[in-house]
>>> print(open('query31.csv').read())   # CSV, N, CA, C and O atoms and all ligand atoms
chain,number,residue,atom,x,y,z
A,26,MET,N,0.9,-1.2,0.0
A,26,MET,CA,0.0,0.0,0.0
A,26,MET,C,0.9,1.2,0.0
A,26,MET,O,1.9,1.3,0.7
A,27,VAL,N,0.5,2.2,-0.8
A,27,VAL,CA,1.3,3.4,-1.0
A,27,VAL,C,0.6,4.6,-0.3
A,27,VAL,O,-0.6,4.8,-0.7
A,28,LEU,N,1.2,5.3,0.6
A,28,LEU,CA,0.6,6.4,1.3
A,28,LEU,C,1.2,7.6,0.8
A,28,LEU,O,2.4,7.9,1.1
A,29,THR,N,0.5,8.4,0.1
A,29,THR,CA,1.0,9.7,-0.5
A,29,THR,C,0.4,10.9,0.3
A,29,THR,O,-0.9,11.0,0.2
A,30,ASN,N,1.2,11.6,0.9
A,30,ASN,CA,0.7,12.8,1.7
A,30,ASN,C,1.0,14.0,0.9
A,30,ASN,O,2.2,14.5,0.8
A,31,LYS,N,0.0,14.6,0.3
A,31,LYS,CA,0.2,15.9,-0.5
A,31,LYS,C,-0.1,17.1,0.3
A,31,LYS,O,-0.2,18.2,-0.2
A,32,THR,N,-0.3,16.9,1.6
A,32,THR,CA,-0.8,18.0,2.5
A,32,THR,C,0.4,18.6,3.3
A,32,THR,O,1.5,17.9,3.4
A,33,PRO,N,0.3,19.8,3.8
A,33,PRO,CA,1.4,20.4,4.6
A,33,PRO,C,1.4,19.9,6.1
A,33,PRO,O,2.1,20.5,6.9
A,34,MET,N,0.6,18.9,6.4
A,34,MET,CA,0.6,18.4,7.8
A,34,MET,C,0.8,16.9,7.8
A,34,MET,O,0.5,16.2,6.8
A,35,GLY,N,1.3,16.4,9.0
A,35,GLY,CA,1.5,14.9,9.1
A,35,GLY,C,0.2,14.2,9.4
A,35,GLY,O,-0.7,14.8,10.0
A,36,HIS,N,0.2,12.9,9.1
A,36,HIS,CA,-1.0,12.1,9.4
A,36,HIS,C,-0.6,10.8,10.0
A,36,HIS,O,0.1,10.0,9.3
A,37,PRO,N,-0.9,10.5,11.2
A,37,PRO,CA,-0.6,9.2,11.8
A,37,PRO,C,-1.7,8.2,11.3
A,37,PRO,O,-2.8,8.1,11.9
A,38,MET,N,-1.3,7.4,10.3
A,38,MET,CA,-2.2,6.4,9.7
A,38,MET,C,-2.2,5.1,10.5
A,38,MET,O,-1.1,4.6,10.7
A,39,HIS,N,-3.4,4.6,10.8
A,39,HIS,CA,-3.5,3.4,11.6
A,39,HIS,C,-4.3,2.3,10.9
A,39,HIS,O,-5.4,2.6,10.4
A,40,LEU,N,-3.8,1.1,10.9
A,40,LEU,CA,-4.5,0.0,10.3
A,40,LEU,C,-5.0,-0.9,11.4
A,40,LEU,O,-4.3,-1.4,12.3
A,41,HIS,N,-6.3,-1.2,11.4
A,41,HIS,CA,-6.9,-2.1,12.5
A,41,HIS,C,-6.7,-3.5,12.2
A,41,HIS,O,-7.0,-4.3,13.1
A,42,ASP,N,-6.3,-3.9,11.0
A,42,ASP,CA,-6.2,-5.3,10.7
A,42,ASP,C,-5.0,-6.0,11.3
A,42,ASP,O,-4.9,-7.2,11.3
A,43,GLY,N,-4.1,-5.3,11.9
A,43,GLY,CA,-2.9,-5.9,12.4
A,43,GLY,C,-1.7,-5.1,12.1
A,43,GLY,O,-1.8,-3.9,11.8
A,44,ALA,N,-0.6,-5.8,12.0
A,44,ALA,CA,0.7,-5.1,11.8
A,44,ALA,C,1.1,-5.0,10.4
A,44,ALA,O,0.7,-5.8,9.6
A,45,PHE,N,1.8,-4.0,10.1
A,45,PHE,CA,2.4,-3.8,8.7
A,45,PHE,C,3.9,-3.4,8.9
A,45,PHE,O,4.3,-3.1,10.0
A,46,GLN,N,4.6,-3.5,7.8
A,46,GLN,CA,6.0,-3.1,7.8
A,46,GLN,C,6.2,-2.0,6.9
A,46,GLN,O,5.7,-2.0,5.7
A,47,VAL,N,6.9,-1.0,7.3
A,47,VAL,CA,7.3,0.1,6.4
A,47,VAL,C,8.4,-0.3,5.6
A,47,VAL,O,9.5,-0.7,6.1
A,48,ILE,N,8.3,-0.3,4.3
A,48,ILE,CA,9.3,-0.8,3.4
A,48,ILE,C,10.0,0.3,2.5
A,48,ILE,O,11.0,0.0,1.9
A,49,GLU,N,9.4,1.5,2.6
A,49,GLU,CA,10.1,2.6,1.8
A,49,GLU,C,9.6,3.9,2.3
A,49,GLU,O,8.4,4.1,2.6
A,50,ILE,N,10.5,4.9,2.5
A,50,ILE,CA,10.1,6.2,2.8
A,50,ILE,C,10.8,7.2,1.8
A,50,ILE,O,12.0,7.2,1.7
A,51,ASP,N,9.9,7.9,1.1
A,51,ASP,CA,10.4,8.8,0.0
A,51,ASP,C,11.5,8.2,-0.9
A,51,ASP,O,12.5,8.8,-1.1
A,52,GLY,N,11.2,7.0,-1.3
A,52,GLY,CA,12.1,6.3,-2.2
A,52,GLY,C,13.3,5.6,-1.6
A,52,GLY,O,14.0,4.9,-2.3
A,53,GLU,N,13.5,5.7,-0.3
A,53,GLU,CA,14.5,5.0,0.4
A,53,GLU,C,14.0,3.7,1.0
A,53,GLU,O,13.2,3.7,1.8
A,54,PRO,N,14.6,2.5,0.5
A,54,PRO,CA,14.1,1.3,1.0
A,54,PRO,C,14.4,1.2,2.5
A,54,PRO,O,15.4,1.7,3.1
A,55,LEU,N,13.5,0.4,3.2
A,55,LEU,CA,13.6,0.3,4.7
A,55,LEU,C,13.1,-1.1,5.1
A,55,LEU,O,12.3,-1.6,4.4
A,56,SER,N,13.7,-1.6,6.1
A,56,SER,CA,13.3,-2.9,6.7
A,56,SER,C,13.0,-2.7,8.1
A,56,SER,O,13.7,-3.1,9.0
A,57,GLY,N,11.9,-2.0,8.4
A,57,GLY,CA,11.5,-1.6,9.7
A,57,GLY,C,10.8,-2.6,10.5
A,57,GLY,O,10.4,-3.7,10.0
A,58,ALA,N,10.5,-2.3,11.8
A,58,ALA,CA,9.8,-3.2,12.7
A,58,ALA,C,8.3,-3.2,12.3
A,58,ALA,O,7.8,-2.3,11.6
A,59,GLN,N,7.6,-4.2,12.7
A,59,GLN,CA,6.2,-4.3,12.5
A,59,GLN,C,5.5,-3.3,13.4
A,59,GLN,O,5.9,-3.1,14.5
A,60,ARG,N,4.5,-2.7,12.9
A,60,ARG,CA,3.7,-1.7,13.6
A,60,ARG,C,2.3,-1.6,13.1
A,60,ARG,O,2.0,-2.2,12.0
A,61,ASP,N,1.4,-0.9,13.8
A,61,ASP,CA,0.1,-0.7,13.2
A,61,ASP,C,-0.3,0.8,12.9
A,61,ASP,O,-1.4,1.1,12.5
A,62,THR,N,0.7,1.7,13.2
A,62,THR,CA,0.5,3.1,12.9
A,62,THR,C,1.8,3.7,12.4
A,62,THR,O,2.9,3.3,12.8
A,63,ILE,N,1.7,4.6,11.4
A,63,ILE,CA,2.9,5.2,10.9
A,63,ILE,C,2.5,6.7,10.7
A,63,ILE,O,1.5,7.1,10.1
A,64,GLU,N,3.4,7.6,11.2
A,64,GLU,CA,3.3,9.0,10.9
A,64,GLU,C,3.7,9.3,9.5
A,64,GLU,O,4.9,9.0,9.2
A,65,VAL,N,2.8,9.8,8.6
A,65,VAL,CA,3.2,10.1,7.3
A,65,VAL,C,3.5,11.6,7.2
A,65,VAL,O,2.5,12.4,7.3
A,66,PRO,N,4.8,12.0,7.1
A,66,PRO,CA,5.1,13.4,7.2
A,66,PRO,C,4.5,14.2,6.0
A,66,PRO,O,4.2,13.6,5.0
A,67,PRO,N,4.5,15.5,6.1
A,67,PRO,CA,4.0,16.3,5.0
A,67,PRO,C,4.8,16.1,3.7
A,67,PRO,O,6.0,15.9,3.8
A,68,HIS,N,4.1,16.0,2.6
A,68,HIS,CA,4.7,15.9,1.3
A,68,HIS,C,5.6,14.7,1.2
A,68,HIS,O,6.7,14.8,0.7
A,69,SER,N,5.2,13.6,1.7
A,69,SER,CA,6.0,12.4,1.7
A,69,SER,C,5.2,11.2,1.1
A,69,SER,O,4.0,11.2,1.1
A,70,ILE,N,6.0,10.2,0.7
A,70,ILE,CA,5.4,9.0,0.2
A,70,ILE,C,6.0,7.8,1.0
A,70,ILE,O,7.2,7.7,1.1
A,71,ILE,N,5.1,7.0,1.6
A,71,ILE,CA,5.5,5.9,2.4
A,71,ILE,C,4.9,4.6,1.9
A,71,ILE,O,3.7,4.6,1.6
A,72,LYS,N,5.7,3.6,1.7
A,72,LYS,CA,5.1,2.3,1.3
A,72,LYS,C,5.1,1.3,2.4
A,72,LYS,O,6.1,1.2,3.2
A,73,ILE,N,4.0,0.6,2.6
A,73,ILE,CA,3.9,-0.4,3.7
A,73,ILE,C,3.5,-1.7,3.0
A,73,ILE,O,2.9,-1.7,2.0
A,74,ALA,N,3.8,-2.8,3.8
A,74,ALA,CA,3.4,-4.1,3.3
A,74,ALA,C,2.8,-4.9,4.5
A,74,ALA,O,3.3,-4.7,5.6
A,75,PHE,N,1.8,-5.6,4.2
A,75,PHE,CA,1.2,-6.5,5.3
A,75,PHE,C,0.6,-7.7,4.7
A,75,PHE,O,0.3,-7.7,3.5
A,76,ASP,N,0.5,-8.7,5.5
A,76,ASP,CA,-0.2,-10.0,5.0
A,76,ASP,C,-1.7,-9.8,5.2
A,76,ASP,O,-2.1,-9.6,6.3
A,77,ALA,N,-2.4,-9.8,4.1
A,77,ALA,CA,-3.8,-9.7,4.2
A,77,ALA,C,-4.4,-11.0,4.4
A,77,ALA,O,-5.0,-11.7,3.6
A,78,ASP,N,-4.3,-11.5,5.7
A,78,ASP,CA,-4.7,-12.9,6.0
A,78,ASP,C,-5.7,-12.9,7.1
A,78,ASP,O,-5.9,-13.9,7.8
A,79,ASN,N,-6.4,-11.8,7.3
A,79,ASN,CA,-7.4,-11.7,8.4
A,79,ASN,C,-8.7,-11.0,7.8
A,79,ASN,O,-9.0,-9.9,8.2
A,80,PRO,N,-9.4,-11.7,6.9
A,80,PRO,CA,-10.6,-11.1,6.3
A,80,PRO,C,-11.6,-10.5,7.3
A,80,PRO,O,-11.8,-11.1,8.3
A,81,GLY,N,-12.1,-9.4,7.0
A,81,GLY,CA,-13.1,-8.7,7.8
A,81,GLY,C,-13.2,-7.3,7.5
A,81,GLY,O,-12.8,-6.8,6.4
A,82,ILE,N,-13.9,-6.5,8.3
A,82,ILE,CA,-14.1,-5.1,8.1
A,82,ILE,C,-13.1,-4.4,9.0
A,82,ILE,O,-13.4,-4.3,10.2
A,83,TRP,N,-12.0,-3.9,8.5
A,83,TRP,CA,-11.0,-3.3,9.3
A,83,TRP,C,-10.7,-1.8,8.8
A,83,TRP,O,-10.3,-1.6,7.7
A,84,PRO,N,-11.0,-0.9,9.7
A,84,PRO,CA,-10.7,0.5,9.3
A,84,PRO,C,-9.2,0.8,9.1
A,84,PRO,O,-8.4,0.2,9.8
A,85,PHE,N,-8.9,1.7,8.2
A,85,PHE,CA,-7.6,2.2,8.0
A,85,PHE,C,-7.8,3.7,8.0
A,85,PHE,O,-8.5,4.2,7.1
A,86,HIS,N,-7.3,4.4,9.0
A,86,HIS,CA,-7.6,5.8,9.1
A,86,HIS,C,-6.5,6.7,9.8
A,86,HIS,O,-5.6,6.2,10.4
A,87,CYS,N,-6.7,8.0,9.6
A,87,CYS,CA,-5.8,8.9,10.3
A,87,CYS,C,-6.3,9.0,11.8
A,87,CYS,O,-7.4,9.0,12.1
A,88,HIS,N,-5.3,9.0,12.7
A,88,HIS,CA,-5.6,9.0,14.1
A,88,HIS,C,-5.9,10.4,14.7
A,88,HIS,O,-6.2,10.5,15.9
A,89,ILE,N,-5.9,11.4,13.9
A,89,ILE,CA,-6.3,12.7,14.3
A,89,ILE,C,-7.9,12.7,14.1
A,89,ILE,O,-8.3,12.6,13.0
A,90,PRO,N,-8.6,12.8,15.2
A,90,PRO,CA,-10.1,12.5,15.1
A,90,PRO,C,-10.8,13.4,14.1
A,90,PRO,O,-11.6,12.9,13.3
A,91,TYR,N,-10.4,14.7,14.0
A,91,TYR,CA,-11.2,15.5,13.0
A,91,TYR,C,-10.8,15.2,11.6
A,91,TYR,O,-11.5,15.5,10.6
A,92,HIS,N,-9.6,14.6,11.4
A,92,HIS,CA,-9.2,14.2,10.0
A,92,HIS,C,-10.1,12.9,9.7
A,92,HIS,O,-10.6,12.9,8.6
A,93,ALA,N,-10.1,12.0,10.6
A,93,ALA,CA,-10.9,10.8,10.3
A,93,ALA,C,-12.4,11.1,10.1
A,93,ALA,O,-13.0,10.6,9.2
A,94,ASP,N,-12.9,12.1,10.9
A,94,ASP,CA,-14.3,12.5,10.8
A,94,ASP,C,-14.5,13.2,9.5
A,94,ASP,O,-15.7,13.3,9.0
A,95,SER,N,-13.5,13.8,8.9
A,95,SER,CA,-13.6,14.5,7.7
A,95,SER,C,-13.4,13.7,6.4
A,95,SER,O,-13.4,14.1,5.3
A,96,GLY,N,-13.2,12.4,6.7
A,96,GLY,CA,-13.1,11.5,5.5
A,96,GLY,C,-11.8,10.7,5.4
A,96,GLY,O,-11.7,9.8,4.5
A,97,MET,N,-10.8,10.9,6.3
A,97,MET,CA,-9.6,10.1,6.2
A,97,MET,C,-9.8,8.8,6.9
A,97,MET,O,-9.1,8.4,7.9
A,98,CYS,N,-10.7,8.0,6.4
A,98,CYS,CA,-11.0,6.7,6.9
A,98,CYS,C,-11.5,5.9,5.8
A,98,CYS,O,-12.4,6.3,5.0
A,99,THR,N,-11.0,4.7,5.7
A,99,THR,CA,-11.4,3.8,4.6
A,99,THR,C,-11.4,2.3,5.2
A,99,THR,O,-11.0,2.1,6.3
A,100,MET,N,-11.9,1.4,4.4
A,100,MET,CA,-12.0,0.0,4.7
A,100,MET,C,-11.4,-0.8,3.6
A,100,MET,O,-12.0,-0.9,2.5
A,101,PRO,N,-10.1,-1.3,3.8
A,101,PRO,CA,-9.6,-2.2,2.7
A,101,PRO,C,-10.5,-3.4,2.5
A,101,PRO,O,-11.0,-3.9,3.5
A,102,LYS,N,-10.7,-3.7,1.3
A,102,LYS,CA,-11.6,-4.8,0.9
A,102,LYS,C,-10.9,-6.0,0.5
A,102,LYS,O,-10.0,-5.9,-0.3
A,103,TYR,N,-11.2,-7.2,1.0
A,103,TYR,CA,-10.6,-8.4,0.6
A,103,TYR,C,-11.3,-8.9,-0.7
A,103,TYR,O,-12.6,-9.0,-0.6
A,104,GLU,N,-10.6,-9.2,-1.7
A,104,GLU,CA,-11.2,-9.8,-2.9
A,104,GLU,C,-11.8,-11.1,-2.6
A,104,GLU,O,-11.2,-12.0,-1.9
A,105,GLY,N,-13.0,-11.4,-3.0
A,105,GLY,CA,-13.7,-12.7,-2.9
A,105,GLY,C,-14.2,-12.9,-1.5
A,105,GLY,O,-14.7,-14.1,-1.2
A,106,VAL,N,-14.2,-12.0,-0.6
A,106,VAL,CA,-14.7,-12.1,0.7
A,106,VAL,C,-16.0,-11.3,0.9
A,106,VAL,O,-16.0,-10.1,0.6
A,107,GLU,N,-17.1,-12.0,1.2
A,107,GLU,CA,-18.4,-11.3,1.4
A,107,GLU,C,-18.5,-10.8,2.8
A,107,GLU,O,-18.0,-11.5,3.8
A,108,THR,N,-19.1,-9.7,3.0
A,108,THR,CA,-19.4,-9.2,4.3
A,108,THR,C,-20.9,-8.8,4.4
A,108,THR,O,-21.3,-7.7,4.3
A,109,PRO,N,-21.7,-9.9,4.5
A,109,PRO,CA,-23.2,-9.7,4.4
A,109,PRO,C,-23.8,-8.8,5.5
A,109,PRO,O,-24.8,-8.2,5.3
A,110,HIS,N,-23.1,-8.6,6.6
A,110,HIS,CA,-23.6,-7.8,7.7
A,110,HIS,C,-23.1,-6.3,7.6
A,110,HIS,O,-23.4,-5.5,8.4
A,111,TRP,N,-22.3,-6.0,6.5
A,111,TRP,CA,-21.8,-4.7,6.4
A,111,TRP,C,-22.4,-4.0,5.1
A,111,TRP,O,-22.2,-4.5,4.0
A,112,HIS,N,-23.2,-2.9,5.3
A,112,HIS,CA,-23.9,-2.3,4.2
A,112,HIS,C,-23.6,-0.8,4.3
A,112,HIS,O,-24.4,0.0,4.7
A,113,PRO,N,-22.4,-0.3,3.9
A,113,PRO,CA,-22.0,1.1,4.1
A,113,PRO,C,-23.0,2.0,3.3
A,113,PRO,O,-23.1,3.1,3.6
A,114,GLU,N,-23.6,1.5,2.2
A,114,GLU,CA,-24.4,2.3,1.4
A,114,GLU,C,-25.7,2.7,2.1
A,114,GLU,O,-26.4,3.6,1.8
A,115,GLU,N,-26.0,1.9,3.2
A,115,GLU,CA,-27.2,2.2,4.0
A,115,GLU,C,-26.9,3.2,5.2
A,115,GLU,O,-27.8,3.6,5.9
A,116,VAL,N,-25.6,3.5,5.4
A,116,VAL,CA,-25.3,4.5,6.5
A,116,VAL,C,-25.4,5.9,6.0
A,116,VAL,O,-24.8,6.2,4.9
A,117,PRO,N,-26.1,6.7,6.6
A,117,PRO,CA,-26.2,8.1,6.1
A,117,PRO,C,-24.8,8.8,6.1
A,117,PRO,O,-24.0,8.5,6.9
A,118,SER,N,-24.6,9.5,5.0
A,118,SER,CA,-23.3,10.1,4.8
A,118,SER,C,-22.8,10.9,5.9
A,118,SER,O,-21.6,11.0,6.2
A,119,GLU,N,-23.7,11.6,6.7
A,119,GLU,CA,-23.2,12.4,7.8
A,119,GLU,C,-22.6,11.5,8.9
A,119,GLU,O,-21.8,12.0,9.7
A,120,LYS,N,-22.8,10.2,8.9
A,120,LYS,CA,-22.2,9.3,9.9
A,120,LYS,C,-20.7,9.2,9.6
A,120,LYS,O,-19.9,8.9,10.4
A,121,PHE,N,-20.3,9.5,8.3
A,121,PHE,CA,-18.9,9.5,7.9
A,121,PHE,C,-18.3,10.9,8.0
A,121,PHE,O,-17.2,11.1,7.6
A,122,GLY,N,-19.1,11.9,8.4
A,122,GLY,CA,-18.6,13.2,8.5
A,122,GLY,C,-18.6,13.9,7.1
A,122,GLY,O,-17.9,14.9,6.9
A,123,LEU,N,-19.4,13.4,6.2
A,123,LEU,CA,-19.4,14.0,4.8
A,123,LEU,C,-20.5,15.0,4.7
A,123,LEU,O,-21.5,15.0,5.3
B,1,CU,CU,-4.6,13.3,9.4
>>> encode(input="query31.csv", output="structure tokens")
Amino acid sequence: MVLTNKTPMGHPMHLHDGAFQVIEIDGEPLSGAQRDTIEVPPHSIIKIAFDADNPGIWPFHCHIPYHADSGMCTMPKYEGVETPHWHPEEVPSEKFGL
């Protein structure tokens, strides 16, 4: 997953699915420790890698509450995995802060 921050502020991005490894920061390869949150500095590009081996509904979001409430929150989707109890199209957009 590639995290591109085009803004002038940092974003602590957090994955609920488990740990990931930072493998590149601004083009520099890295073999960092496993973590579940990474601060993405302003105007930077960070690449992370993780094993997608825990199917479910896992948020990936900025840990600054008003950023997440403003839309910096998503749900990575597993190909071929059904989530019959999850119907985001039925949630009013204001629940996502839109
Ligand atoms: Cu943020």
>>> closest_residue(input="query31.csv", among="A:Leu55, A:Met100, A:Ile82, A:Ile70", to="Thr29 in chain A", atoms="only N, CA, C and O atoms")
A:Ile70
>>> closest_residue(input="query31.csv", among="A:His41, A:Lys31, A:His88, A:His68", to="ligand CU 1 (chain B)", atoms="only C-alpha atoms and all ligand atoms")
A:His88
>>> atom_distance(input="query31.csv", atom1="CA of Ile50 in chain A", atom2="CA of Ile73 in chain A")
9.1 Å
>>> closest_atom_pairs(input="query31.csv", of="chain A", to="ligand CU 1 (chain B)", cutoff="8 Å", atoms="all atoms listed in the file", output="tab-separated table")
residue	atom	partner	partner_atom	distance
A:Met34	O	B:CU1	CU	6.4
A:Gly35	O	B:CU1	CU	4.2
A:His36	CA	B:CU1	CU	3.8
A:Pro37	N	B:CU1	CU	5.0
A:Met38	N	B:CU1	CU	6.8
A:Val65	O	B:CU1	CU	7.5
A:His86	C	B:CU1	CU	6.9
A:Cys87	CA	B:CU1	CU	4.6
A:His88	N	B:CU1	CU	5.5
A:Ile89	N	B:CU1	CU	5.1
A:Pro90	N	B:CU1	CU	7.1
A:Tyr91	C	B:CU1	CU	6.8
A:His92	CA	B:CU1	CU	4.7
A:Ala93	N	B:CU1	CU	5.8
A:Met97	CA	B:CU1	CU	6.7
>>> residues_around(input="query31.csv", residues="Lys102 in chain A", least_positions_apart="3", cutoff="10 Å", atoms="only C-alpha atoms", output="count of residues only")
11
>>> atom_distance(input="query31.csv", atom1="atom O of Asp76 in chain A", atom2="atom C of Glu49 in chain A")
18.3 Å
>>> atom_distance(input="query31.csv", atom1="CA of Cys98 in chain A", atom2="CA of Glu53 in chain A")
26.4 Å
>>> residues_around(input="query31.csv", residues="Lys72 in chain A", least_positions_apart="6", cutoff="5 Å", atoms="all atoms listed in the file", output="list of chain:residue names")
A:Met26, A:Val27, A:Leu28, A:Gln46, A:Val47, A:Ile48, A:Glu49
>>> write_last_selection(input="query31.csv", atoms="N, CA, C and O atoms", output="PDB file, keeping the file's coordinate frame")
ATOM      1  N   MET A  26       0.900  -1.200   0.000  1.00  0.00           N
ATOM      2  CA  MET A  26       0.000   0.000   0.000  1.00  0.00           C
ATOM      3  C   MET A  26       0.900   1.200   0.000  1.00  0.00           C
ATOM      4  O   MET A  26       1.900   1.300   0.700  1.00  0.00           O
ATOM      5  N   VAL A  27       0.500   2.200  -0.800  1.00  0.00           N
ATOM      6  CA  VAL A  27       1.300   3.400  -1.000  1.00  0.00           C
ATOM      7  C   VAL A  27       0.600   4.600  -0.300  1.00  0.00           C
ATOM      8  O   VAL A  27      -0.600   4.800  -0.700  1.00  0.00           O
ATOM      9  N   LEU A  28       1.200   5.300   0.600  1.00  0.00           N
ATOM     10  CA  LEU A  28       0.600   6.400   1.300  1.00  0.00           C
ATOM     11  C   LEU A  28       1.200   7.600   0.800  1.00  0.00           C
ATOM     12  O   LEU A  28       2.400   7.900   1.100  1.00  0.00           O
ATOM     13  N   GLN A  46       4.600  -3.500   7.800  1.00  0.00           N
ATOM     14  CA  GLN A  46       6.000  -3.100   7.800  1.00  0.00           C
ATOM     15  C   GLN A  46       6.200  -2.000   6.900  1.00  0.00           C
ATOM     16  O   GLN A  46       5.700  -2.000   5.700  1.00  0.00           O
ATOM     17  N   VAL A  47       6.900  -1.000   7.300  1.00  0.00           N
ATOM     18  CA  VAL A  47       7.300   0.100   6.400  1.00  0.00           C
ATOM     19  C   VAL A  47       8.400  -0.300   5.600  1.00  0.00           C
ATOM     20  O   VAL A  47       9.500  -0.700   6.100  1.00  0.00           O
ATOM     21  N   ILE A  48       8.300  -0.300   4.300  1.00  0.00           N
ATOM     22  CA  ILE A  48       9.300  -0.800   3.400  1.00  0.00           C
ATOM     23  C   ILE A  48      10.000   0.300   2.500  1.00  0.00           C
ATOM     24  O   ILE A  48      11.000   0.000   1.900  1.00  0.00           O
ATOM     25  N   GLU A  49       9.400   1.500   2.600  1.00  0.00           N
ATOM     26  CA  GLU A  49      10.100   2.600   1.800  1.00  0.00           C
ATOM     27  C   GLU A  49       9.600   3.900   2.300  1.00  0.00           C
ATOM     28  O   GLU A  49       8.400   4.100   2.600  1.00  0.00           O
TER      29      GLU A  49
END
>>> select_by_dssp(input="query31.csv", residues="chain A", states="strand (DSSP E)", output="number ranges by chain")
A: 27-30, 36-40, 45-50, 53-54, 59-60, 62-65, 69-74, 85-87, 98-99
>>> select_by_dssp(input="query31.csv", residues="chain A", states="helix (DSSP H, G or I)", output="short mmCIF file (atom, residue, chain, number, x, y, z; two decimals) with N, CA, C and O atoms, in the frame of the given file")
data_model
loop_
_atom_site.label_atom_id
_atom_site.label_comp_id
_atom_site.auth_asym_id
_atom_site.auth_seq_id
_atom_site.Cartn_x
_atom_site.Cartn_y
_atom_site.Cartn_z
N PRO A 90 -8.60 12.80 15.20
CA PRO A 90 -10.10 12.50 15.10
C PRO A 90 -10.80 13.40 14.10
O PRO A 90 -11.60 12.90 13.30
N TYR A 91 -10.40 14.70 14.00
CA TYR A 91 -11.20 15.50 13.00
C TYR A 91 -10.80 15.20 11.60
O TYR A 91 -11.50 15.50 10.60
N HIS A 92 -9.60 14.60 11.40
CA HIS A 92 -9.20 14.20 10.00
C HIS A 92 -10.10 12.90 9.70
O HIS A 92 -10.60 12.90 8.60
N ALA A 93 -10.10 12.00 10.60
CA ALA A 93 -10.90 10.80 10.30
C ALA A 93 -12.40 11.10 10.10
O ALA A 93 -13.00 10.60 9.20
N ASP A 94 -12.90 12.10 10.90
CA ASP A 94 -14.30 12.50 10.80
C ASP A 94 -14.50 13.20 9.50
O ASP A 94 -15.70 13.30 9.00
N PRO A 113 -22.40 -0.30 3.90
CA PRO A 113 -22.00 1.10 4.10
C PRO A 113 -23.00 2.00 3.30
O PRO A 113 -23.10 3.10 3.60
N GLU A 114 -23.60 1.50 2.20
CA GLU A 114 -24.40 2.30 1.40
C GLU A 114 -25.70 2.70 2.10
O GLU A 114 -26.40 3.60 1.80
N GLU A 115 -26.00 1.90 3.20
CA GLU A 115 -27.20 2.20 4.00
C GLU A 115 -26.90 3.20 5.20
O GLU A 115 -27.80 3.60 5.90
N SER A 118 -24.60 9.50 5.00
CA SER A 118 -23.30 10.10 4.80
C SER A 118 -22.80 10.90 5.90
O SER A 118 -21.60 11.00 6.20
N GLU A 119 -23.70 11.60 6.70
CA GLU A 119 -23.20 12.40 7.80
C GLU A 119 -22.60 11.50 8.90
O GLU A 119 -21.80 12.00 9.70
N LYS A 120 -22.80 10.20 8.90
CA LYS A 120 -22.20 9.30 9.90
C LYS A 120 -20.70 9.20 9.60
O LYS A 120 -19.90 8.90 10.40
N PHE A 121 -20.30 9.50 8.30
CA PHE A 121 -18.90 9.50 7.90
C PHE A 121 -18.30 10.90 8.00
O PHE A 121 -17.20 11.10 7.60
#
>>> closest_residue(input="query31.csv", among="A:Tyr103, A:Phe85, A:Trp111, A:Phe75", to="His39 in chain A", atoms="only N, CA, C and O atoms")
A:Phe85
>>> closest_residue(input="query31.csv", among="A:Gly57, A:Gly96, A:Gly52, A:Pro101", to="Ser69 in chain A", atoms="only N, CA, C and O atoms")
A:Gly52
>>> decode(input="query31.csv", residues="range 56-67 of chain A", atoms="N, CA and C atoms", output="compact mmCIF listing (two decimals), in the first residue's frame")
# COMPACT_ATOMS: atom_id res chain seq x y z
N SER A 56 13.73 -1.60 6.12
CA SER A 56 13.26 -2.87 6.65
C SER A 56 12.96 -2.66 8.13
N GLY A 57 11.87 -1.96 8.39
CA GLY A 57 11.55 -1.55 9.75
C GLY A 57 10.78 -2.60 10.52
N ALA A 58 10.52 -2.26 11.78
CA ALA A 58 9.79 -3.16 12.66
C ALA A 58 8.31 -3.21 12.27
N GLN A 59 7.63 -4.24 12.74
CA GLN A 59 6.19 -4.35 12.55
C GLN A 59 5.51 -3.30 13.42
N ARG A 60 4.46 -2.68 12.90
CA ARG A 60 3.72 -1.66 13.64
C ARG A 60 2.31 -1.61 13.09
N ASP A 61 1.42 -0.86 13.76
CA ASP A 61 0.07 -0.69 13.23
C ASP A 61 -0.26 0.77 12.94
N THR A 62 0.72 1.67 13.19
CA THR A 62 0.52 3.09 12.93
C THR A 62 1.82 3.67 12.38
N ILE A 63 1.70 4.56 11.41
CA ILE A 63 2.87 5.25 10.87
C ILE A 63 2.53 6.72 10.67
N GLU A 64 3.41 7.57 11.15
CA GLU A 64 3.27 9.00 10.90
C GLU A 64 3.73 9.28 9.48
N VAL A 65 2.83 9.76 8.64
CA VAL A 65 3.19 10.10 7.26
C VAL A 65 3.47 11.59 7.23
N PRO A 66 4.75 11.98 7.13
CA PRO A 66 5.10 13.41 7.19
C PRO A 66 4.52 14.18 6.00
N PRO A 67 4.47 15.50 6.14
CA PRO A 67 3.97 16.33 5.03
C PRO A 67 4.77 16.07 3.75
